[in-house]
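Undergrad: Sharing input_27.txt (compact mmCIF, C-alpha atoms) below.
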```txt
# COMPACT_ATOMS: atom_id res chain seq x y z
CA MET T 158 15.44 70.72 -19.16
CA SER T 159 14.65 67.72 -21.35
CA GLY T 160 14.71 65.16 -18.55
CA ALA T 161 11.98 66.90 -16.53
CA VAL T 162 9.08 64.72 -17.64
CA GLU T 163 11.10 61.56 -18.00
CA GLY T 164 10.47 58.67 -15.63
CA THR T 165 7.70 57.81 -13.19
CA PRO T 166 6.63 60.05 -10.25
CA ILE T 167 7.81 57.61 -7.59
CA GLY T 168 8.67 60.39 -5.15
CA ARG T 169 5.09 61.57 -4.84
CA ARG T 170 3.89 57.99 -4.34
CA VAL T 171 6.47 57.37 -1.62
CA VAL T 172 5.47 60.55 0.22
CA LEU T 173 1.74 59.81 -0.01
CA GLY T 174 2.31 56.15 0.89
CA LEU T 175 4.28 57.06 4.00
CA ALA T 176 1.66 59.63 5.01
CA GLY T 177 -0.97 56.88 4.67
CA LEU T 178 1.16 54.45 6.68
CA GLY T 179 1.59 57.09 9.38
CA GLY T 180 -2.17 57.64 9.52
CA ALA T 181 -2.81 53.90 9.78
CA MET T 182 -0.24 53.62 12.57
CA VAL T 183 -1.90 56.44 14.50
CA ALA T 184 -5.21 54.58 14.20
CA ALA T 185 -3.60 51.29 15.26
CA GLY T 186 -1.55 52.99 17.98
CA PRO T 187 -2.97 51.23 21.06
CA TRP T 188 -2.29 47.79 19.54
CA ILE T 189 1.20 48.71 18.36
CA SER T 190 1.99 50.19 21.79
CA ARG T 191 0.78 47.09 23.62
CA TRP T 192 2.72 44.79 21.31
CA LEU T 193 5.92 46.84 21.61
CA GLY T 194 5.47 47.04 25.38
CA ASP T 195 5.19 43.24 25.57
CA VAL T 196 8.23 42.72 23.37
CA ALA T 197 10.24 45.28 25.37
CA GLY T 198 9.11 43.70 28.64
CA GLU T 199 10.37 40.29 27.49
CA LEU T 200 13.63 41.68 26.12
CA SER T 201 14.38 43.76 29.22
CA LYS T 202 14.48 40.58 31.31
CA HIS T 203 17.64 39.60 29.42
CA ASP T 204 19.02 43.10 28.95
CA ALA T 205 22.08 44.20 30.90
CA THR T 206 22.65 47.33 28.83
CA GLY T 207 19.38 49.13 29.56
CA LEU T 208 18.97 49.74 25.82
CA THR T 209 15.48 48.22 25.86
CA ALA T 210 14.39 51.36 27.71
CA LEU T 211 14.73 53.10 24.32
CA ILE T 212 12.01 50.96 22.73
CA PRO T 213 8.94 53.17 22.34
CA GLY T 214 6.37 52.37 25.01
CA ALA T 215 8.76 50.50 27.31
CA GLY T 216 9.36 51.09 31.01
CA TRP T 217 9.92 54.16 33.14
CA ARG T 218 10.45 57.65 31.82
CA TYR T 219 12.09 60.13 34.16
CA TYR T 220 10.64 63.59 34.19
CA THR T 221 11.87 66.62 36.01
CA VAL T 222 10.56 70.16 35.72
CA THR T 223 13.75 71.83 36.90
CA SER T 224 17.31 71.78 35.65
CA GLY T 225 18.86 68.44 36.45
CA PHE T 226 17.68 65.99 39.07
CA PRO T 227 17.71 67.08 42.69
CA TYR T 228 19.53 64.99 45.24
CA GLU T 229 19.44 64.86 48.99
CA PRO T 230 21.68 62.28 50.70
CA PRO T 231 19.49 59.95 52.80
CA ALA T 232 21.53 60.84 55.91
CA LYS T 233 20.68 64.53 55.56
CA TYR T 234 17.13 64.04 54.33
CA ARG T 235 14.26 65.53 56.40
CA LEU T 236 10.54 65.35 55.75
CA THR T 237 8.35 67.93 57.47
CA VAL T 238 4.64 67.62 58.19
CA THR T 239 3.37 71.16 58.71
CA GLY T 240 0.41 73.45 58.23
CA ASN T 241 -2.72 73.28 60.30
CA VAL T 242 -1.67 70.40 62.52
CA ASP T 243 -1.47 70.01 66.30
CA HIS T 244 2.23 69.18 66.30
CA GLU T 245 4.57 69.61 63.37
CA LEU T 246 6.77 66.64 62.54
CA THR T 247 10.30 66.46 61.19
CA LEU T 248 11.16 62.97 60.07
CA THR T 249 14.43 61.33 59.03
CA THR T 250 14.65 58.29 56.80
CA SER T 251 15.13 56.09 59.86
CA ASP T 252 12.07 57.67 61.53
CA LEU T 253 10.11 56.56 58.48
CA ARG T 254 11.52 53.04 58.77
CA ASP T 255 10.41 52.84 62.42
CA LEU T 256 6.79 53.82 61.74
CA PRO T 257 4.15 51.19 60.86
CA ARG T 258 5.03 50.06 57.36
CA ALA T 259 2.71 49.54 54.40
CA LYS T 260 3.10 47.94 50.97
CA VAL T 261 1.32 48.53 47.69
CA THR T 262 1.80 46.67 44.40
CA ARG T 263 0.20 48.40 41.42
CA ASP T 264 0.74 49.31 37.80
CA PHE T 265 2.25 52.80 37.53
CA GLN T 266 0.50 54.81 34.82
CA CYS T 267 1.71 58.07 33.35
CA VAL T 268 -0.72 60.54 31.82
CA THR T 269 1.48 60.57 28.70
CA GLY T 270 0.65 56.92 28.09
CA TRP T 271 3.44 54.72 29.44
CA ARG T 272 2.69 52.16 32.11
CA VAL T 273 4.97 50.01 34.23
CA PRO T 274 3.27 46.85 35.43
CA ASN T 275 3.36 45.52 39.00
CA VAL T 276 5.57 48.03 40.77
CA HIS T 277 6.23 47.17 44.42
CA TRP T 278 6.24 50.17 46.73
CA GLU T 279 6.94 50.25 50.44
CA GLY T 280 6.72 53.01 53.01
CA VAL T 281 4.33 54.62 55.46
CA ARG T 282 0.69 55.44 54.86
CA LEU T 283 0.12 59.18 54.59
CA SER T 284 -2.84 58.73 56.97
CA THR T 285 -0.42 57.42 59.62
CA LEU T 286 1.64 60.63 59.40
CA LEU T 287 -1.47 62.81 59.41
CA ASP T 288 -2.75 61.05 62.53
CA ARG T 289 0.57 61.47 64.32
CA ALA T 290 0.62 65.19 63.48
CA GLY T 291 -3.03 65.64 64.34
CA VAL T 292 -5.09 67.39 61.67
CA GLN T 293 -6.95 70.39 63.06
CA PRO T 294 -10.71 70.67 62.49
CA GLY T 295 -12.03 72.28 59.31
CA GLN T 296 -9.08 71.28 57.08
CA GLN T 297 -9.80 70.08 53.54
CA ALA T 298 -6.55 69.38 51.77
CA VAL T 299 -2.93 68.28 51.84
CA ARG T 300 -0.18 69.95 49.85
CA PHE T 301 3.10 68.31 48.85
CA THR T 302 6.29 70.19 48.07
CA SER T 303 9.30 68.82 46.29
CA TYR T 304 12.81 69.80 47.29
CA ASP T 305 13.45 70.56 43.62
CA GLY T 306 12.00 73.93 44.69
CA THR T 307 9.34 74.04 41.98
CA TYR T 308 7.08 71.02 41.96
CA THR T 309 3.98 70.85 44.12
CA GLU T 310 0.98 68.57 44.28
CA SER T 311 -2.15 68.33 46.39
CA LEU T 312 -4.95 65.99 47.40
CA THR T 313 -8.18 66.40 49.28
CA LEU T 314 -7.96 65.15 52.84
CA ALA T 315 -10.28 62.26 51.96
CA GLN T 316 -8.01 61.22 49.08
CA ALA T 317 -4.94 61.61 51.28
CA ARG T 318 -6.36 59.20 53.85
CA ARG T 319 -6.79 56.32 51.39
CA ALA T 320 -4.91 53.14 52.22
CA ASP T 321 -3.13 53.24 48.85
CA VAL T 322 -1.64 56.71 49.34
CA LEU T 323 1.85 56.28 50.78
CA VAL T 324 5.01 58.14 51.61
CA VAL T 325 7.45 55.64 50.08
CA ASP T 326 11.17 55.01 50.45
CA THR T 327 11.41 51.58 48.78
CA LEU T 328 10.80 50.66 45.14
CA ASP T 329 10.90 47.05 43.98
CA GLY T 330 12.73 46.07 47.18
CA ARG T 331 15.46 48.75 46.92
CA PRO T 332 15.87 52.27 48.29
CA ILE T 333 14.36 54.76 45.86
CA GLY T 334 17.11 56.25 43.70
CA ARG T 335 17.59 59.81 42.59
CA ALA T 336 15.85 59.50 39.21
CA HIS T 337 12.80 57.91 40.79
CA GLY T 338 12.42 60.77 43.28
CA GLY T 339 14.39 59.34 46.20
CA PRO T 340 15.16 59.05 48.95
CA VAL T 341 11.49 59.70 49.75
CA ARG T 342 8.56 60.42 47.45
CA MET T 343 4.80 60.16 47.34
CA LEU T 344 2.84 57.29 45.85
CA VAL T 345 -0.76 58.07 44.99
CA ALA T 346 -1.47 54.63 43.55
CA PRO T 347 -4.94 55.17 42.02
CA MET T 348 -3.96 58.36 40.20
CA TYR T 349 -1.72 59.32 37.28
CA GLY T 350 1.96 59.62 38.02
CA TYR T 351 2.10 63.40 38.29
CA LYS T 352 0.22 63.16 41.59
CA SER T 353 3.03 61.07 43.11
CA CYS T 354 5.30 64.00 43.97
CA LYS T 355 9.00 63.07 43.68
CA TRP T 356 11.80 64.33 45.97
CA LEU T 357 9.23 64.97 48.68
CA SER T 358 10.27 67.64 51.16
CA SER T 359 7.11 68.71 52.96
CA ILE T 360 3.52 67.71 53.60
CA GLU T 361 1.33 70.64 54.53
CA VAL T 362 -2.24 70.41 55.82
CA THR T 363 -4.23 73.30 54.32
CA GLU T 364 -7.70 74.63 54.84
CA ARG T 365 -8.35 74.86 51.11
CA LEU T 366 -6.99 72.85 48.24
CA VAL T 367 -4.10 74.51 46.38
CA PRO T 368 -3.74 73.17 42.81
CA GLY T 369 -0.35 71.62 42.00
CA TYR T 370 2.25 72.25 39.31
CA TRP T 371 0.73 70.36 36.37
CA GLU T 372 -2.80 71.39 37.32
CA GLY T 373 -1.62 74.87 36.41
CA PHE T 374 -1.05 73.53 32.88
CA GLY T 375 -4.57 72.15 32.60
CA TYR T 376 -4.19 68.65 34.03
CA ASP T 377 -6.99 67.34 36.24
CA GLN T 378 -6.87 67.79 40.01
CA ASN T 379 -8.71 64.52 40.58
CA ALA T 380 -6.37 62.43 38.44
CA TRP T 381 -7.95 58.97 38.75
CA VAL T 382 -6.34 56.60 36.27
CA GLY T 383 -8.83 55.90 33.48
CA ARG T 384 -11.34 58.52 34.65
CA SER T 385 -9.57 61.82 34.08
CA ASN T 386 -7.49 63.84 31.62
CA GLY T 387 -9.59 62.45 28.75
CA ARG T 388 -7.94 59.03 29.05
CA ASP T 389 -9.45 55.57 29.34
CA ASP T 390 -6.58 53.47 30.77
CA ALA T 391 -7.39 50.50 32.97
CA PRO T 392 -7.63 51.80 36.57
CA THR T 393 -4.66 51.19 38.86
CA MET D 30 17.83 75.48 -16.20
CA PRO D 31 18.06 79.06 -14.90
CA ARG D 32 21.49 80.21 -13.95
CA PRO D 33 22.57 82.99 -11.61
CA ASP D 34 24.39 85.95 -13.16
CA SER D 35 27.62 85.38 -11.32
CA GLY D 36 28.24 81.93 -12.77
CA PRO D 37 31.71 80.49 -13.21
CA ARG D 38 33.34 80.81 -16.59
CA PRO D 39 32.21 77.98 -18.89
CA ASP D 40 35.70 76.51 -19.07
CA SER D 41 36.37 76.49 -15.35
CA GLY D 42 36.64 73.31 -13.34
CA LEU D 43 33.41 73.99 -11.49
CA LEU D 44 29.74 73.57 -12.33
CA HIS D 45 26.78 75.36 -10.77
CA ARG D 46 24.89 72.76 -8.78
CA PHE D 47 22.83 74.57 -6.16
CA SER D 48 21.49 78.13 -5.98
CA PRO D 49 21.98 80.28 -2.85
CA GLY D 50 18.28 79.82 -2.09
CA GLU D 51 18.60 76.05 -2.13
CA ARG D 52 21.66 76.16 0.08
CA TRP D 53 19.75 78.34 2.54
CA VAL D 54 16.86 75.84 2.57
CA HIS D 55 19.27 72.97 3.22
CA ARG D 56 21.14 74.79 5.94
CA SER D 57 18.09 76.04 7.84
CA THR D 58 16.40 72.65 7.61
CA ALA D 59 19.58 70.93 8.82
CA LEU D 60 19.79 73.34 11.75
CA LEU D 61 16.15 72.69 12.71
CA VAL D 62 16.61 68.93 12.39
CA GLY D 63 19.67 69.20 14.61
CA VAL D 64 17.70 71.06 17.28
CA LEU D 65 14.86 68.56 16.96
CA THR D 66 17.21 65.60 17.30
CA LEU D 67 19.01 66.96 20.36
CA THR D 68 15.90 68.16 22.17
CA GLY D 69 14.02 65.02 21.17
CA ALA D 70 16.81 62.86 22.60
CA ALA D 71 16.80 64.88 25.82
CA LEU D 72 13.08 64.24 26.15
CA TYR D 73 13.16 60.58 25.15
CA VAL D 74 16.37 58.90 26.29
CA PRO D 75 16.08 58.27 30.06
CA SER D 76 19.74 58.88 30.89
CA LEU D 77 19.82 62.09 28.84
CA ALA D 78 16.56 63.24 30.40
CA LEU D 79 18.26 62.71 33.76
CA LEU D 80 21.27 64.72 32.67
CA VAL D 81 19.48 67.63 31.04
CA GLY D 82 16.27 68.09 33.02
CA ARG D 83 14.44 71.39 32.28
CA ARG D 84 11.74 69.41 30.58
CA THR D 85 9.37 72.29 29.85
CA THR D 86 12.13 74.39 28.24
CA VAL D 87 13.43 71.49 26.16
CA GLU D 88 9.87 70.67 25.12
CA ALA D 89 9.22 74.26 24.07
CA ALA D 90 12.40 74.30 21.94
CA HIS D 91 11.37 71.01 20.32
CA VAL D 92 7.89 72.33 19.54
CA VAL D 93 9.13 75.63 18.09
CA ALA D 94 11.75 73.90 15.90
CA GLY D 95 9.11 71.40 14.77
CA LEU D 96 6.62 74.09 13.82
CA LEU D 97 9.32 75.98 11.88
CA LEU D 98 10.54 72.85 10.08
CA PRO D 99 8.39 73.11 6.92
CA LEU D 100 8.99 76.84 6.51
CA PRO D 101 12.40 76.81 4.73
CA THR D 102 11.12 74.29 2.19
CA LEU D 103 7.87 76.18 1.62
CA ILE D 104 9.68 79.51 1.25
CA GLY D 105 12.16 77.83 -1.08
CA LEU D 106 9.40 76.33 -3.23
CA ALA D 107 7.68 79.69 -3.46
CA THR D 108 10.76 81.70 -4.37
CA SER D 109 13.29 79.41 -6.02
CA ALA D 110 12.90 78.04 -9.53
CA TRP D 111 16.05 76.00 -8.87
CA LEU D 112 14.44 74.22 -5.93
CA ARG D 113 11.22 73.59 -7.87
CA ALA D 114 13.21 72.08 -10.72
CA ASP D 115 15.22 69.91 -8.34
CA VAL D 116 12.11 68.66 -6.54
CA GLN D 117 10.68 67.72 -9.92
CA ALA D 118 13.87 65.85 -10.79
CA LEU D 119 13.86 64.07 -7.41
CA ASN D 120 10.25 63.04 -7.90
CA ARG D 121 10.86 61.10 -11.11
CA MET D 122 12.63 57.73 -11.20
CA THR D 123 14.01 56.95 -14.63
CA HIS D 124 15.09 53.61 -16.03
CA THR D 125 18.69 54.65 -15.38
CA ASP D 126 17.87 55.27 -11.70
CA TRP D 127 16.50 51.75 -11.23
CA VAL D 128 19.54 50.26 -12.97
CA TRP D 129 21.81 52.42 -10.77
CA LEU D 130 20.07 51.09 -7.64
CA ARG D 131 20.31 47.46 -8.78
CA ARG D 132 23.97 47.30 -9.87
CA ARG D 133 26.77 46.76 -7.43
CA ASP D 134 29.22 48.57 -9.70
CA ARG D 135 26.82 51.49 -9.99
CA ARG D 136 29.45 54.19 -9.57
CA ALA D 137 31.84 52.61 -12.06
CA ALA D 138 29.32 51.50 -14.67
CA GLY D 139 29.20 54.83 -16.53
CA LEU D 140 25.41 55.05 -16.33
CA PRO D 141 23.83 58.24 -17.70
CA VAL D 142 22.82 59.50 -14.24
CA GLY D 143 21.07 62.89 -14.14
CA LYS D 144 21.37 65.59 -11.50
CA PHE D 145 20.36 63.07 -8.81
CA ASN D 146 20.90 59.33 -8.69
CA GLY D 147 18.25 56.77 -7.77
CA GLY D 148 19.41 56.53 -4.17
CA GLN D 149 19.22 60.27 -3.68
CA LYS D 150 15.74 60.32 -5.17
CA LEU D 151 14.36 57.54 -2.98
CA ALA D 152 16.03 58.91 0.14
CA ALA D 153 14.64 62.38 -0.54
CA SER D 154 11.14 60.96 -0.96
CA VAL D 155 11.28 58.85 2.20
CA ILE D 156 12.70 61.74 4.23
CA ALA D 157 9.96 64.03 2.92
CA GLY D 158 7.26 61.44 3.72
CA ALA D 159 8.64 60.80 7.19
CA GLY D 160 8.81 64.56 7.73
CA VAL D 161 5.12 64.89 6.87
CA VAL D 162 4.24 62.10 9.33
CA LEU D 163 6.43 63.53 12.10
CA PHE D 164 4.95 67.00 11.59
CA GLY D 165 1.37 65.67 11.63
CA THR D 166 1.80 63.45 14.68
CA GLY D 167 3.71 66.24 16.39
CA LEU D 168 0.71 68.54 15.88
CA LEU D 169 -1.55 65.91 17.44
CA LEU D 170 0.77 65.65 20.43
CA LEU D 171 0.63 69.42 20.86
CA ALA D 172 -3.05 69.23 21.79
CA PRO D 173 -3.10 69.90 25.54
CA ALA D 174 -4.60 67.34 27.89
CA ARG D 175 -7.83 69.28 28.29
CA VAL D 176 -8.57 69.16 24.54
CA SER D 177 -10.55 66.00 24.08
CA ILE D 178 -8.92 64.21 21.19
CA PRO D 179 -9.48 60.49 21.76
CA ASP D 180 -6.94 58.87 24.01
CA SER D 181 -6.20 56.17 21.44
CA VAL D 182 -5.29 58.85 18.90
CA ARG D 183 -2.88 60.47 21.36
CA GLN D 184 -1.28 57.09 22.03
CA GLY D 185 -1.16 56.30 18.30
CA ALA D 186 0.45 59.66 17.55
CA THR D 187 3.05 59.06 20.28
CA ILE D 188 4.10 55.63 19.07
CA THR D 189 4.06 56.70 15.40
CA HIS D 190 6.15 59.78 16.17
CA ASP D 191 8.65 57.57 18.05
CA LEU D 192 8.88 54.86 15.38
CA PHE D 193 9.19 57.27 12.45
CA THR D 194 11.90 59.11 14.36
CA PHE D 195 13.88 55.88 14.69
CA GLY D 196 13.48 55.17 10.97
CA LEU D 197 14.47 58.70 10.02
CA LEU D 198 17.54 58.60 12.27
CA PHE D 199 18.84 55.61 10.28
CA LEU D 200 18.32 57.53 7.04
CA LEU D 201 19.99 60.65 8.42
CA ALA D 202 22.93 58.58 9.64
CA GLY D 203 23.30 57.25 6.10
CA HIS D 204 22.93 60.79 4.73
CA LEU D 205 25.77 62.03 6.96
CA TRP D 206 27.92 59.00 6.17
CA LEU D 207 27.58 59.58 2.41
CA ALA D 208 28.26 63.30 2.88
CA TYR D 209 31.41 62.36 4.75
CA ARG D 210 32.43 60.03 1.94
CA HIS D 211 31.79 62.63 -0.79
CA PRO D 212 33.59 65.89 0.03
CA GLU D 213 32.79 67.23 -3.45
CA ALA D 214 29.07 66.92 -2.67
CA ARG D 215 29.60 68.67 0.66
CA ALA D 216 31.43 71.47 -1.10
CA ALA D 217 28.55 71.79 -3.56
CA LEU D 218 26.12 72.44 -0.73
CA ARG D 219 28.55 74.83 0.90
CA THR D 220 29.49 76.87 -2.18
CA GLY D 221 26.88 75.97 -4.76
CA LEU D 222 29.65 74.78 -7.09
CA VAL D 223 30.72 71.22 -7.78
CA ASP D 224 33.96 69.90 -9.15
CA ARG D 225 33.45 69.25 -12.87
CA GLU D 226 35.31 65.93 -12.91
CA TYR D 227 33.34 64.67 -9.96
CA ALA D 228 30.06 65.67 -11.62
CA GLU D 229 31.08 64.01 -14.88
CA ARG D 230 31.82 60.83 -12.96
CA GLU D 231 28.74 60.73 -10.69
CA HIS D 232 26.16 62.67 -12.72
CA PRO D 233 27.37 62.50 -16.34
CA ALA D 234 23.99 63.19 -17.99
CA TRP D 235 23.55 66.32 -15.86
CA ALA D 236 27.17 67.50 -16.24
CA GLY D 237 26.83 67.14 -19.99
CA GLN D 238 23.79 69.41 -19.98
CA VAL D 239 25.03 72.16 -17.72
CA ARG D 240 28.30 72.88 -19.44
```
Hey, can you dump this file as structure tokens for me?
TA:
Amino acid sequence: MSGAVEGTPIGRRVVLGLAGLGGAMVAAGPWISRWLGDVAGELSKHDATGLTALIPGAGWRYYTVTSGFPYEPPAKYRLTVTGNVDHELTLTTSDLRDLPRAKVTRDFQCVTGWRVPNVHWEGVRLSTLLDRAGVQPGQQAVRFTSYDGTYTESLTLAQARRADVLVVDTLDGRPIGRAHGGPVRMLVAPMYGYKSCKWLSSIEVTERLVPGYWEGFGYDQNAWVGRSNGRDDAPT
Amino acid sequence: MPRPDSGPRPDSGLLHRFSPGERWVHRSTALLVGVLTLTGAALYVPSLALLVGRRTTVEAAHVVAGLLLPLPTLIGLATSAWLRADVQALNRMTHTDWVWLRRRDRRAAGLPVGKFNGGQKLAASVIAGAGVVLFGTGLLLLAPARVSIPDSVRQGATITHDLFTFGLLFLLAGHLWLAYRHPEARAALRTGLVDREYAEREHPAWAGQVR
């Protein structure tokens, strides 16, 4: 074929150039992410379509480990506090509203990298529920179960009693919707998002700590933001 | 250029454009890209993620399709002289190709375009480059949380993978649009044969050589 050596090898240069650009972008990733996050944050204030959520590094991502997103109508919802407690509790959404309320405002950080700044949560401290149920002596941990039927999480009792660990029903002033894990979910504010079990169905006091769903895939049990999972995010 | 034994008669209205091997490479790659696009969307777009769920299954499908992606091309390069010749042709931009890109009347100007025009060559190169970047960053993202690659690298790989995907989607949209506009080109990838008149119009230098 006579034309085979004709012309300049632009194709090879384009491929190598793009590979180089990709490498540079990986190296500059944190800066690009921050910049895109800022831009998306600004844009989303004027965005009625929700399309800004598609900008890489912007806003919430909704994860579920089962097929589809579970849903329990708030009227039918029940939260049980069980395990090694003096009296088991079964709570409705209005029971939760009548208990002493607590608020936390923190950045929400996912272990995959995205972060939503200044999220306002409202609900009941987990320690309040544990005190009402009465934790029996010698117990070390608390286990959370999701009504998706698959997801679980757990904390040590000391972690569970922190003031910034809440059973929440309100997100940014509104009832927590289905995608966000409503009507009731956990908020473990100082830890990565996977600790904040969505679609919360039961809280079980256990003698020993039972590792949760993602811990089974190698994620850290003590998931402090910035001090676990090999990440160095600013603590929340 | 090598020619399969079962070629059309020289005087027929069809020219041999792609070998069966090349068509297999195109088809398998297209299938994998389709799987990657759908599963990627189900992982990335919030409303789709809501609809589909099953994140671990979708993720596994995305990873498997991604790991398989280079295979058809590599197998093709190893076994098909046709594909090797075409890659060589795509690599080289001739003077005609630059003129073709610059002129607005490019398709009517009677330029001596070879087997591929300048647009096809540049698009092929950019798609190949983006594919390399997506494959590389995808490998980085495969590293489980307990493997200590620096956090900044993980974040960089994520954002690069996302941005290159967006860029590539624009190119693929253009690719599909042009395929839609050129049924003869679609037929060539389906059957290996292209309409002679079409080839003489769009790729006269190549059509003149094949005969």
Undergrad: Which residues of chain T come within 7 Å of chain D, and what is each one's closest atom pair and distance in Å (one decimal), counting all atoms listed in the file, sorted by chain and residue number, as a Markdown table?
TA:
```
| residue | atom | partner | partner_atom | distance |
| --- | --- | --- | --- | --- |
| T:Met158 | CA | D:Met30 | CA | 6.1 |
| T:Ala161 | CA | D:Ala118 | CA | 6.1 |
| T:Glu163 | CA | D:Thr123 | CA | 6.4 |
| T:Gly164 | CA | D:Thr123 | CA | 4.1 |
| T:Thr165 | CA | D:Arg121 | CA | 5.0 |
| T:Pro166 | CA | D:Arg121 | CA | 4.4 |
| T:Ile167 | CA | D:Arg121 | CA | 5.8 |
| T:Gly168 | CA | D:Asn120 | CA | 4.1 |
| T:Arg169 | CA | D:Asn120 | CA | 6.2 |
| T:Val171 | CA | D:Ser154 | CA | 5.9 |
| T:Val172 | CA | D:Gly158 | CA | 4.0 |
| T:Leu173 | CA | D:Gly158 | CA | 6.9 |
| T:Leu175 | CA | D:Gly158 | CA | 5.3 |
| T:Ala176 | CA | D:Val162 | CA | 5.6 |
| T:Gly179 | CA | D:Val162 | CA | 5.7 |
| T:Met182 | CA | D:Thr189 | CA | 6.0 |
| T:Val183 | CA | D:Gly185 | CA | 3.9 |
| T:Ala184 | CA | D:Gly185 | CA | 6.0 |
| T:Ala185 | CA | D:Gly185 | CA | 6.3 |
| T:Gly186 | CA | D:Gly185 | CA | 3.3 |
| T:Pro187 | CA | D:Ser181 | CA | 5.9 |
| T:Ser190 | CA | D:Ile188 | CA | 6.4 |
| T:Leu211 | CA | D:Val74 | CA | 6.3 |
| T:Pro213 | CA | D:Asp191 | CA | 6.2 |
| T:Arg218 | CA | D:Pro75 | CA | 5.9 |
| T:Tyr219 | CA | D:Pro75 | CA | 6.0 |
| T:Tyr220 | CA | D:Arg84 | CA | 6.9 |
| T:Thr221 | CA | D:Gly82 | CA | 5.5 |
| T:Val222 | CA | D:Arg84 | CA | 5.3 |
| T:Thr223 | CA | D:Arg83 | CA | 4.7 |
| T:Ser224 | CA | D:Arg83 | CA | 4.4 |
| T:Gly225 | CA | D:Gly82 | CA | 4.3 |
| T:Phe226 | CA | D:Leu79 | CA | 6.3 |
| T:Gly270 | CA | D:Gln184 | CA | 6.4 |
| T:Ala336 | CA | D:Leu79 | CA | 6.8 |
| T:Gly375 | CA | D:Arg175 | CA | 6.1 |
| T:Tyr376 | CA | D:Ala174 | CA | 6.3 |
| T:Asn386 | CA | D:Ala174 | CA | 5.9 |
| T:Gly387 | CA | D:Ser177 | CA | 5.9 |
| T:Arg388 | CA | D:Asp180 | CA | 5.1 |
| T:Asp389 | CA | D:Asp180 | CA | 6.8 |
```
Undergrad: When you count all atoms listed in the file, which of these residues is closest to Ala89 in chain D: D:Ala202, D:Leu112, D:Val62, D:Leu171?
TA: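 Closest to Ala89 in chain D, using all atoms listed in the file: D:Leu171.
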Undergrad: Nearest to Val367 in chain T among T:Ala380, T:Ile333, T:Val299, T:Val345, with distances taken over all atoms listed in the file: which residue is it?
TA: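 Smallest distance to Val367 in chain T is found for T:Val299.
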Undergrad: Of the candidates T:Gly240, T:Gly383, T:Pro332, T:Pro347, which shows the shortest atom-to-atom distance to Val292 in chain T, using all atoms listed in the file?
TA: T:Gly240
Undergrad: Excluding same-chain residues fewer than 6 positions from Pro233 in chain D, what lies within 8 Å of it counting only C-alpha atoms, as number ranges by chain?
TA: D: 139-143
Undergrad: So how many Å separate CA of Val268 in chain T and CA of Gly350 in chain T, to one decimal?
TA: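 Computing it gives 6.8 Å between the two atoms.
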Undergrad: Just the residues within 7 Å of Gly221 in chain D, please, counting all atoms listed in the file, with nothing from its chain fewer than 4 positions along; format it as JSON, numbers by chain.
TA: {"D": [45, 46, 47, 48, 49, 217]}
Undergrad: For range 142-150 of chain D, what centre and edge lengths in Å (one decimal) does the axis-aligned box get once 3 Å is added on each side of all its listed atoms, as JSON?
TA:
```
{"center_x": 19.3, "center_y": 61.1, "center_z": -9.0, "size_x": 13.1, "size_y": 15.1, "size_z": 16.6}
```
Undergrad: Separation of CA of Gln149 in chain D and CA of Leu65 in chain D, in Å?
TA: 22.7 Å
Undergrad: Mind giving me the straight-line distance from CA of Glu361 in chain T to CA of Pro257 in chain T in Å, one decimal?
TA: 20.6 Å
Undergrad: I want to know what sits within 9 Å of Val92 in chain D, based on all atoms listed in the file, with residues of the same chain fewer than 2 positions away left out; could you give that as a ChimeraX atom specification?
TA: /D:65,87-90,94-97,167-168,171
Undergrad: Extract, using all atoms listed in the file, all DNA, RNA and protein residues at most 9 Å from Thr239 in chain T, discarding same-chain residues fewer than 2 positions from it, and format them as number ranges by chain.
TA: T: 237, 241-242, 244-247, 290, 359-362
Undergrad: So which one's closest to Arg342 in chain T, T:Glu364, T:Asp264, T:Asp305, T:Glu372? Using all atoms listed in the file, please.
TA: T:Asp305
Undergrad: Contacts of Pro368 in chain T at 10 Å or less, counting only C-alpha atoms, minus same-chain residues fewer than 3 places along, as number ranges by chain?
TA: T: 300, 309-312, 365, 371-373, 376-378
Undergrad: Using only C-alpha atoms, can you tell me which of D:Ala110, D:Ala138, D:Leu201, D:Ala172 comes closest to Ala59 in chain D?
TA: D:Leu201
